[in-house]
>>> print(open('target.csv').read())   # CSV, C-alpha atoms
chain,number,residue,atom,x,y,z
A,1,MET,CA,114.3,6.2,-3.4
A,2,GLU,CA,110.9,6.8,-5.1
A,3,VAL,CA,110.0,10.4,-5.8
A,4,SER,CA,106.5,11.3,-6.9
A,5,ILE,CA,106.4,14.8,-8.4
A,6,TYR,CA,103.4,16.9,-9.5
A,7,ARG,CA,103.9,17.8,-13.1
A,8,TYR,CA,102.0,20.4,-15.1
A,9,ASP,CA,103.1,22.3,-18.2
A,10,PRO,CA,100.4,24.8,-19.4
A,11,ASP,CA,101.9,24.7,-22.9
A,12,ASP,CA,101.5,20.9,-23.6
A,13,GLY,CA,97.7,20.9,-23.1
A,14,ARG,CA,97.8,17.9,-20.8
A,15,PRO,CA,96.1,17.9,-17.4
A,16,PRO,CA,98.3,17.9,-14.3
A,17,ARG,CA,99.7,14.5,-13.3
A,18,MET,CA,102.0,12.8,-10.8
A,19,GLN,CA,105.3,11.6,-12.2
A,20,THR,CA,107.0,8.8,-10.3
A,21,LEU,CA,110.8,8.5,-10.5
A,22,ARG,CA,113.2,6.0,-9.0
A,23,ILE,CA,116.4,7.8,-8.1
A,24,GLU,CA,119.2,7.0,-5.7
A,25,PRO,CA,120.7,9.9,-3.9
A,26,ALA,CA,124.5,10.3,-4.2
A,27,ARG,CA,126.6,10.5,-1.0
A,28,GLU,CA,126.9,14.3,-1.3
A,29,ASP,CA,123.1,14.7,-1.6
A,30,ARG,CA,122.1,15.7,1.9
A,31,MET,CA,119.0,17.8,1.4
A,32,LEU,CA,115.8,17.3,-0.7
A,33,LEU,CA,116.9,20.2,-2.9
A,34,ASP,CA,120.1,18.3,-3.8
A,35,LEU,CA,118.0,15.4,-5.0
A,36,LEU,CA,115.7,17.7,-7.0
A,37,GLN,CA,118.7,19.3,-8.7
A,38,ARG,CA,119.8,15.8,-9.6
A,39,VAL,CA,116.4,15.0,-11.1
A,40,LYS,CA,116.6,18.3,-13.0
A,41,ARG,CA,120.0,17.4,-14.5
A,42,GLU,CA,118.4,14.3,-15.9
A,43,ASP,CA,115.1,16.0,-16.9
A,44,PRO,CA,115.6,19.7,-17.5
A,45,SER,CA,111.9,20.2,-18.0
A,46,LEU,CA,111.2,19.8,-14.3
A,47,SER,CA,110.6,23.3,-12.9
A,48,PHE,CA,111.0,24.6,-9.3
A,49,ARG,CA,112.2,27.7,-7.7
A,50,ARG,CA,115.5,27.8,-5.7
A,51,SER,CA,118.1,30.3,-5.0
A,52,CYS,CA,120.1,30.5,-1.8
A,53,ARG,CA,119.9,26.8,-1.0
A,54,GLU,CA,120.3,27.5,2.8
A,55,GLY,CA,116.8,28.5,4.1
A,56,VAL,CA,117.2,32.2,3.7
A,57,CYS,CA,115.5,33.1,0.4
A,58,GLY,CA,112.4,31.0,0.9
A,59,SER,CA,112.1,30.2,-2.8
A,60,ASP,CA,112.0,26.4,-2.7
A,61,ALA,CA,108.9,26.1,-0.5
A,62,MET,CA,106.8,23.2,-1.6
A,63,ASN,CA,104.5,20.5,-0.2
A,64,ILE,CA,106.6,17.6,0.9
A,65,ASP,CA,104.6,14.5,1.8
A,66,GLY,CA,101.6,16.6,2.6
A,67,ARG,CA,103.4,19.1,4.7
A,68,ASN,CA,104.8,22.5,3.5
A,69,GLY,CA,108.5,23.0,3.9
A,70,LEU,CA,111.7,24.2,2.3
A,71,ALA,CA,113.4,21.6,0.1
A,72,CYS,CA,116.8,23.0,1.0
A,73,MET,CA,116.2,22.5,4.7
A,74,THR,CA,114.6,19.1,4.5
A,75,PRO,CA,117.3,16.4,5.1
A,76,LEU,CA,116.9,13.4,2.9
A,77,ARG,CA,117.4,11.1,5.9
A,78,SER,CA,114.2,12.6,7.4
A,79,LEU,CA,112.2,11.3,4.5
A,80,GLY,CA,110.9,7.8,3.8
A,81,ALA,CA,111.6,5.5,0.9
A,82,ARG,CA,108.8,7.3,-1.0
A,83,VAL,CA,108.4,11.0,-1.2
A,84,VAL,CA,105.5,12.9,-2.7
A,85,LEU,CA,106.2,16.5,-3.9
A,86,ARG,CA,103.5,18.9,-4.8
A,87,PRO,CA,103.3,22.7,-5.2
A,88,LEU,CA,102.2,24.8,-2.3
A,89,PRO,CA,98.5,24.2,-1.9
A,90,GLY,CA,95.9,27.0,-2.4
A,91,LEU,CA,97.8,29.0,-5.0
A,92,PRO,CA,97.4,28.7,-8.8
A,93,VAL,CA,100.1,26.5,-10.3
A,94,ILE,CA,102.2,28.2,-13.0
A,95,ARG,CA,104.2,25.1,-13.8
A,96,ASP,CA,105.3,21.9,-11.9
A,97,LEU,CA,106.3,23.0,-8.4
A,98,ILE,CA,106.1,26.7,-9.2
A,99,VAL,CA,103.0,28.6,-7.9
A,100,ASP,CA,101.7,32.1,-8.6
A,101,MET,CA,102.3,34.0,-5.3
A,102,THR,CA,100.5,37.2,-6.3
A,103,ALA,CA,97.6,36.6,-3.8
A,104,PHE,CA,100.1,36.0,-1.0
A,105,PHE,CA,102.2,39.1,-1.7
A,106,ARG,CA,99.1,41.2,-2.2
A,107,GLN,CA,98.1,40.4,1.3
A,108,TYR,CA,101.6,41.0,2.6
A,109,HIS,CA,101.6,44.5,0.9
A,110,SER,CA,98.2,45.2,2.3
A,111,ILE,CA,99.5,45.5,5.9
A,112,ARG,CA,101.9,48.2,4.9
A,113,PRO,CA,105.1,46.3,5.8
A,114,TRP,CA,107.2,49.4,6.4
A,115,LEU,CA,107.7,51.8,9.4
A,116,VAL,CA,105.2,54.6,9.4
A,117,ASN,CA,106.6,57.5,11.4
A,118,ASP,CA,106.1,61.1,10.3
A,119,THR,CA,108.2,62.7,13.0
A,120,ARG,CA,111.5,64.2,11.9
A,121,PRO,CA,114.2,61.5,11.7
A,122,PRO,CA,117.1,62.0,14.1
A,123,GLU,CA,120.6,62.7,12.8
A,124,ARG,CA,121.7,59.1,12.6
A,125,GLU,CA,118.9,56.5,13.3
A,126,ARG,CA,115.8,55.9,15.3
A,127,LEU,CA,117.1,54.1,18.4
A,128,GLN,CA,115.4,51.4,20.3
A,129,SER,CA,116.2,50.1,23.8
A,130,PRO,CA,117.3,46.5,24.0
A,131,ALA,CA,113.9,45.6,25.4
A,132,GLU,CA,112.1,47.3,22.5
A,133,ARG,CA,114.3,45.5,20.1
A,134,GLU,CA,113.7,42.2,21.8
A,135,ARG,CA,110.0,42.4,21.0
A,136,LEU,CA,110.8,41.9,17.4
A,137,ASP,CA,112.5,38.6,18.0
A,138,GLY,CA,110.6,35.7,16.5
A,139,VAL,CA,109.0,38.0,14.0
A,140,TYR,CA,111.7,39.7,11.9
A,141,GLU,CA,113.2,36.4,10.9
A,142,CYS,CA,110.3,35.6,8.6
A,143,ILE,CA,111.5,34.9,5.0
A,144,LEU,CA,108.1,35.1,3.3
A,145,CYS,CA,108.3,31.6,1.9
A,146,ALA,CA,104.5,31.2,2.2
A,147,CYS,CA,104.7,27.8,3.9
A,148,CYS,CA,102.4,29.0,6.7
A,149,SER,CA,99.8,30.9,4.7
A,150,THR,CA,99.4,28.1,2.1
A,151,GLN,CA,98.9,25.5,4.8
A,152,CYS,CA,96.2,27.6,6.4
A,153,PRO,CA,92.6,26.5,5.5
A,154,SER,CA,91.3,30.0,6.3
A,155,PHE,CA,93.7,31.3,3.7
A,156,TRP,CA,92.6,28.6,1.2
A,157,TRP,CA,88.9,29.7,1.5
A,158,ASN,CA,89.5,33.5,1.5
A,159,PRO,CA,92.9,34.4,0.0
A,160,ASP,CA,91.5,37.7,-1.3
A,161,LYS,CA,90.2,38.8,2.1
A,162,PHE,CA,92.1,37.0,4.9
A,163,VAL,CA,95.6,38.4,5.3
A,164,GLY,CA,96.9,35.0,6.3
A,165,PRO,CA,99.5,34.1,8.9
A,166,ALA,CA,102.6,35.4,7.1
A,167,GLY,CA,101.0,38.8,6.6
A,168,LEU,CA,99.6,38.9,10.1
A,169,LEU,CA,103.1,38.0,11.5
A,170,GLN,CA,104.4,41.0,9.7
A,171,ALA,CA,101.5,43.2,10.8
A,172,SER,CA,102.4,42.2,14.4
A,173,ARG,CA,106.0,43.1,13.7
A,174,PHE,CA,105.1,46.7,12.9
A,175,ILE,CA,102.3,47.0,15.5
A,176,HIS,CA,104.8,46.1,18.2
A,177,ASP,CA,107.7,48.2,16.8
A,178,SER,CA,108.5,51.1,19.1
A,179,ARG,CA,109.5,53.3,16.2
A,180,ASP,CA,106.2,52.9,14.4
A,181,ASP,CA,103.5,55.5,14.9
A,182,ALA,CA,100.6,53.9,13.0
A,183,THR,CA,99.5,51.3,15.6
A,184,GLU,CA,95.9,52.6,15.8
A,185,ALA,CA,95.5,52.7,12.0
A,186,ARG,CA,97.1,49.2,11.7
A,187,LEU,CA,94.7,47.8,14.3
A,188,ASP,CA,91.7,49.5,12.7
A,189,ASP,CA,92.7,48.1,9.3
A,190,LEU,CA,92.6,44.5,10.7
A,191,ASP,CA,89.4,44.9,12.7
A,192,ASP,CA,86.8,43.5,10.3
A,193,ALA,CA,85.2,40.1,9.7
A,194,TYR,CA,87.9,38.9,7.4
A,195,ARG,CA,91.4,40.4,7.6
A,196,LEU,CA,92.4,39.0,11.0
A,197,PHE,CA,89.4,37.3,12.4
A,198,ARG,CA,89.1,34.6,9.8
A,199,CYS,CA,91.9,33.0,11.8
A,200,ARG,CA,90.3,30.0,13.6
A,201,THR,CA,93.5,29.2,15.5
A,202,ILE,CA,94.0,26.0,13.5
A,203,MET,CA,97.8,26.6,14.0
A,204,ASN,CA,99.0,24.8,10.9
A,205,CYS,CA,101.1,28.0,10.4
A,206,THR,CA,103.1,27.5,13.5
A,207,GLU,CA,103.3,23.7,12.9
A,208,VAL,CA,105.0,24.1,9.5
A,209,CYS,CA,107.1,27.3,9.7
A,210,PRO,CA,110.5,26.2,8.5
A,211,LYS,CA,112.1,29.0,10.6
A,212,GLY,CA,110.4,27.8,13.8
A,213,LEU,CA,108.4,31.0,14.1
A,214,ALA,CA,104.9,31.1,15.6
A,215,PRO,CA,102.5,33.2,13.5
A,216,SER,CA,99.5,32.0,15.7
A,217,ARG,CA,101.1,33.6,18.7
A,218,GLU,CA,101.6,36.9,16.9
A,219,ILE,CA,97.9,36.7,15.7
A,220,GLU,CA,96.9,36.3,19.4
A,221,LYS,CA,99.1,39.3,20.3
A,222,ILE,CA,97.3,41.5,17.7
A,223,ARG,CA,93.9,40.3,19.1
A,224,LEU,CA,95.1,41.2,22.7
A,225,ALA,CA,96.4,44.6,21.5
A,226,MET,CA,92.9,45.3,20.0
A,227,LEU,CA,91.3,44.1,23.2
A,228,ARG,CA,93.5,46.3,25.4
A,229,ARG,CA,92.6,49.3,23.2
A,230,ALA,CA,88.9,48.5,23.4
A,231,VAL,CA,88.5,48.1,27.2
B,232,MET,CA,76.6,49.0,10.9
B,233,LYS,CA,79.8,47.8,9.4
B,234,ARG,CA,81.2,46.8,12.8
B,235,ALA,CA,77.9,45.8,14.3
B,236,LEU,CA,79.0,42.3,15.1
B,237,THR,CA,82.2,41.6,13.3
B,238,GLY,CA,85.9,41.7,14.0
B,239,LEU,CA,86.9,42.0,17.7
B,240,ARG,CA,83.4,42.3,18.9
B,241,ALA,CA,82.2,39.0,17.4
B,242,TRP,CA,85.4,37.3,18.6
B,243,LEU,CA,85.0,38.7,22.1
B,244,LEU,CA,81.3,37.9,22.1
B,245,GLN,CA,81.9,34.2,21.2
B,246,ARG,CA,84.4,33.9,24.1
B,247,LEU,CA,82.3,35.6,26.7
B,248,SER,CA,79.2,33.7,25.7
B,249,ALA,CA,81.2,30.4,26.0
B,250,LEU,CA,82.2,31.4,29.5
B,251,VAL,CA,78.5,32.2,30.4
B,252,MET,CA,77.5,28.7,29.1
B,253,LEU,CA,80.3,27.0,30.9
B,254,ALA,CA,79.4,28.7,34.2
B,255,TYR,CA,75.7,27.7,33.7
B,256,LEU,CA,76.6,24.1,32.8
B,257,VAL,CA,78.9,23.7,35.9
B,258,ALA,CA,76.3,25.3,38.2
B,259,ALA,CA,73.4,23.2,36.8
B,260,LEU,CA,75.4,20.0,37.1
B,261,LEU,CA,76.3,20.7,40.7
B,262,ARG,CA,72.8,21.7,41.6
B,263,LEU,CA,71.3,18.6,39.9
B,264,ALA,CA,73.9,16.3,41.5
B,265,ALA,CA,73.3,17.8,45.0
B,266,ASP,CA,69.5,17.6,45.0
B,267,PRO,CA,68.0,15.9,41.9
B,268,PRO,CA,64.4,17.0,41.4
B,269,GLN,CA,61.9,14.1,41.7
B,270,GLY,CA,59.2,14.2,39.1
B,271,HIS,CA,57.6,16.9,36.9
B,272,ALA,CA,56.4,19.2,39.7
B,273,GLN,CA,59.8,19.5,41.3
B,274,TRP,CA,61.4,20.2,37.9
B,275,GLN,CA,58.8,22.9,37.2
B,276,ALA,CA,59.4,24.5,40.6
B,277,LEU,CA,63.1,24.5,40.1
B,278,MET,CA,63.0,26.0,36.6
B,279,HIS,CA,60.5,28.7,37.6
B,280,ALA,CA,62.5,29.8,40.6
B,281,PRO,CA,63.5,33.4,39.6
B,282,ALA,CA,67.3,32.9,39.9
B,283,VAL,CA,67.2,29.7,37.9
B,284,ALA,CA,64.9,31.2,35.2
B,285,LEU,CA,67.2,34.2,34.9
B,286,ALA,CA,70.3,32.1,34.7
B,287,THR,CA,68.7,29.8,32.1
B,288,GLY,CA,67.6,32.7,30.1
B,289,LEU,CA,71.1,34.2,30.1
B,290,ALA,CA,72.6,30.9,29.2
B,291,PHE,CA,70.3,30.4,26.3
B,292,GLY,CA,70.9,34.0,25.2
B,293,ALA,CA,74.6,33.3,25.2
B,294,LEU,CA,74.0,30.0,23.3
B,295,LEU,CA,72.0,31.8,20.6
B,296,LEU,CA,74.6,34.6,20.2
B,297,HIS,CA,77.4,32.0,20.2
B,298,ALA,CA,75.6,29.9,17.5
B,299,TRP,CA,74.9,33.0,15.4
B,300,VAL,CA,78.6,34.1,15.3
B,301,GLY,CA,79.9,30.5,14.7
B,302,ALA,CA,77.3,29.5,12.1
B,303,ARG,CA,77.7,32.9,10.3
B,304,ASP,CA,81.4,32.3,10.2
B,305,VAL,CA,80.9,28.9,8.5
B,306,LEU,CA,78.5,30.4,6.0
B,307,MET,CA,81.0,33.2,5.2
B,308,ASP,CA,83.7,30.7,4.6
B,309,TYR,CA,81.9,28.1,2.5
B,310,VAL,CA,78.9,29.8,0.9
B,311,LYS,CA,80.2,32.2,-1.7
B,312,PRO,CA,77.1,33.1,-3.8
B,313,LEU,CA,75.6,36.1,-2.1
B,314,PRO,CA,71.9,35.4,-2.6
B,315,LEU,CA,72.4,31.8,-1.2
B,316,ARG,CA,74.4,33.1,1.7
B,317,ILE,CA,71.8,35.7,2.6
B,318,GLY,CA,69.0,33.1,2.3
B,319,LEU,CA,70.8,30.7,4.6
B,320,MET,CA,71.6,33.5,7.1
B,321,THR,CA,67.9,34.5,7.1
B,322,LEU,CA,67.0,30.8,7.8
B,323,LEU,CA,69.5,30.8,10.6
B,324,VAL,CA,68.1,34.0,12.1
B,325,LEU,CA,64.6,32.5,11.9
B,326,LEU,CA,65.8,29.2,13.5
B,327,LEU,CA,67.7,30.9,16.3
B,328,GLY,CA,64.9,33.5,16.8
B,329,GLY,CA,62.3,30.8,17.0
B,330,SER,CA,64.4,28.8,19.5
B,331,GLY,CA,64.8,31.9,21.6
B,332,ILE,CA,61.1,32.6,21.7
B,333,THR,CA,60.4,28.9,22.6
B,334,VAL,CA,62.8,29.1,25.5
B,335,LEU,CA,61.4,32.4,26.7
B,336,ARG,CA,57.8,31.0,26.6
B,337,ALA,CA,58.9,28.0,28.5
B,338,LEU,CA,60.6,30.1,31.2
B,339,LEU,CA,58.0,32.7,31.7
>>> encode(input="target.csv", output="structure tokens")
Amino acid sequence: MEVSIYRYDPDDGRPPRMQTLRIEPAREDRMLLDLLQRVKREDPSLSFRRSCREGVCGSDAMNIDGRNGLACMTPLRSLGARVVLRPLPGLPVIRDLIVDMTAFFRQYHSIRPWLVNDTRPPERERLQSPAERERLDGVYECILCACCSTQCPSFWWNPDKFVGPAGLLQASRFIHDSRDDATEARLDDLDDAYRLFRCRTIMNCTEVCPKGLAPSREIEKIRLAMLRRAV
Amino acid sequence: MKRALTGLRAWLLQRLSALVMLAYLVAALLRLAADPPQGHAQWQALMHAPAVALATGLAFGALLLHAWVGARDVLMDYVKPLPLRIGLMTLLVLLLGGSGITVLRALL
């Protein structure tokens, strides 16, 4: 198998380059991450993030053959004889496949990803009906791997102003949470030229989400919530 | 001024103006298919009929607003230096405004 990997080390003064390796997966190598671990055993200078190795932590998001995904959830048998691995597009590269996710998390924090409810909490917990809880399905599962936002051209052009699909998915999660009291303020916060409405419904986000979520549908739900409020 | 034509309003305006243009296009095609005008005089009579002139004016108004929102979005995405962006937006306003005046003069 031929693996072409983006290599960049800020300390060696060389420009970024693609390094091509020939490596045969062993029988126990089932996912792309297994193969990367094998490469790293041979060349410890190769840098990439990984942690849970089962699609929960979102650390090993990278661009695999032009499409963002998680290395730990990409079966080797789904790849061709030649694989091209690059860091997530649109974010500054720190080293090899590791990107600086500050811009991504700044947008995530900007939507206030926590419940806002100033009423006195009940003795045990704020309860929801099964129907209210069901509205959070397809949203709470997001692992913040950034595959969606970094595949979104609108986020590439305006990472400092456009919240991006991951942040907007989370915004929708709190806007539609029955326990949250800040719906109006949350909608106000998104109603400008950039934060929500830079979304051009390209839908790369939904196409690449490794958890099968649909940020574009949630973005539409926010627009409709704004519309309902306005008319 | 901040929300003059941004956010939800701009988004809604673009969709509503698209619907107006679509309705005009379908109605115009049906009308022309049913009874195609023969020669310049018939074209003039058709376009100066009050209902047709009003509908055409509305459709062109929708087109200009649609173009403004869309082209402004493109400039906001791709043109980062503020003076250049403002210059191009001014050109766009002149172009769209000029087109609007030309259409109005033709209809009235």
>>> atom_distance(input="target.csv", atom1="atom CA of Asp192 of chain A", atom2="atom CA of Arg179 of chain A")
25.4 Å
>>> interface_residues(input="target.csv", of="chain B", to="chain A", cutoff="7 Å", atoms="all atoms listed in the file", output="ChimeraX atom specification")
/B:234,237-239,308
>>> residues_around(input="target.csv", residues="Lys221 of chain A", least_positions_apart="4", cutoff="10 Å", atoms="only C-alpha atoms", output="VMD selection string")
chain A and resid 169 172 175 to 176 215 to 217 225 to 227
>>> closest_residue(input="target.csv", among="A:Ala214, A:Ile202, A:Cys152, A:Met73", to="Leu91 of chain A", atoms="only C-alpha atoms")
A:Cys152
>>> atom_distance(input="target.csv", atom1="atom CA of Ala258 of chain B", atom2="atom CA of Arg336 of chain B")
22.6 Å
>>> closest_residue(input="target.csv", among="B:Ala284, B:Ala302, B:Leu338, B:Val310", to="Gln245 of chain B", atoms="all atoms listed in the file")
B:Ala302
>>> atom_distance(input="target.csv", atom1="atom CA of Leu88 of chain A", atom2="atom CA of Ser47 of chain A")
13.6 Å
>>> residues_near_point(input="target.csv", point="(101.2, 27.8, 15.4)", cutoff="10 Å", atoms="only C-alpha atoms", output="list in words")
Cys148, Pro165, Thr201, Ile202, Met203, Asn204, Cys205, Thr206, Glu207, Val208, Cys209, Gly212, Leu213, Ala214, Pro215, Ser216, Arg217, Glu218 and Ile219 of chain A
>>> closest_residue(input="target.csv", among="A:Pro210, A:Pro122, A:Pro87, A:Pro113", to="Arg7 of chain A", atoms="all atoms listed in the file")
A:Pro87
>>> residues_around(input="target.csv", residues="Leu327 of chain B", least_positions_apart="4", cutoff="7 Å", atoms="all atoms listed in the file", output="number ranges by chain")
B: 295, 323, 331
>>> residues_around(input="target.csv", residues="Ile332 of chain B", least_positions_apart="6", cutoff="12 Å", atoms="all atoms listed in the file", output="PyMOL selection string")
chain B and resi 288+291-292+295+324-326+338-339
>>> closest_residue(input="target.csv", among="A:Val139, A:Thr119, A:Thr20, A:Gly58", to="Asp180 of chain A", atoms="only C-alpha atoms")
A:Thr119
>>> closest_residue(input="target.csv", among="B:Leu285, B:Val257, B:Val251, B:Leu236", to="Val334 of chain B", atoms="all atoms listed in the file")
B:Leu285
>>> residues_around(input="target.csv", residues="segment 30-34 of chain A", least_positions_apart="5", cutoff="7 Å", atoms="only C-alpha atoms", output="list of chain:residue names")
A:Ala71, A:Cys72, A:Met73, A:Thr74, A:Pro75, A:Leu76
>>> write_last_selection(input="target.csv", atoms="C-alpha atoms", output="PDB file, in the frame of the given file")
ATOM      1  CA  ALA A  71     113.400  21.600   0.100  1.00  0.00           C
ATOM      2  CA  CYS A  72     116.800  23.000   1.000  1.00  0.00           C
ATOM      3  CA  MET A  73     116.200  22.500   4.700  1.00  0.00           C
ATOM      4  CA  THR A  74     114.600  19.100   4.500  1.00  0.00           C
ATOM      5  CA  PRO A  75     117.300  16.400   5.100  1.00  0.00           C
ATOM      6  CA  LEU A  76     116.900  13.400   2.900  1.00  0.00           C
TER       7      LEU A  76
END
>>> residues_around(input="target.csv", residues="segment 92-100 of chain A", least_positions_apart="5", cutoff="9 Å", atoms="all atoms listed in the file", output="list of chain:residue names")
A:Ile5, A:Tyr6, A:Arg7, A:Tyr8, A:Asp9, A:Pro10, A:Pro16, A:Leu46, A:Ser47, A:Phe48, A:Arg49, A:Asp60, A:Ala61, A:Met62, A:Asn63, A:Leu85, A:Arg86, A:Pro87
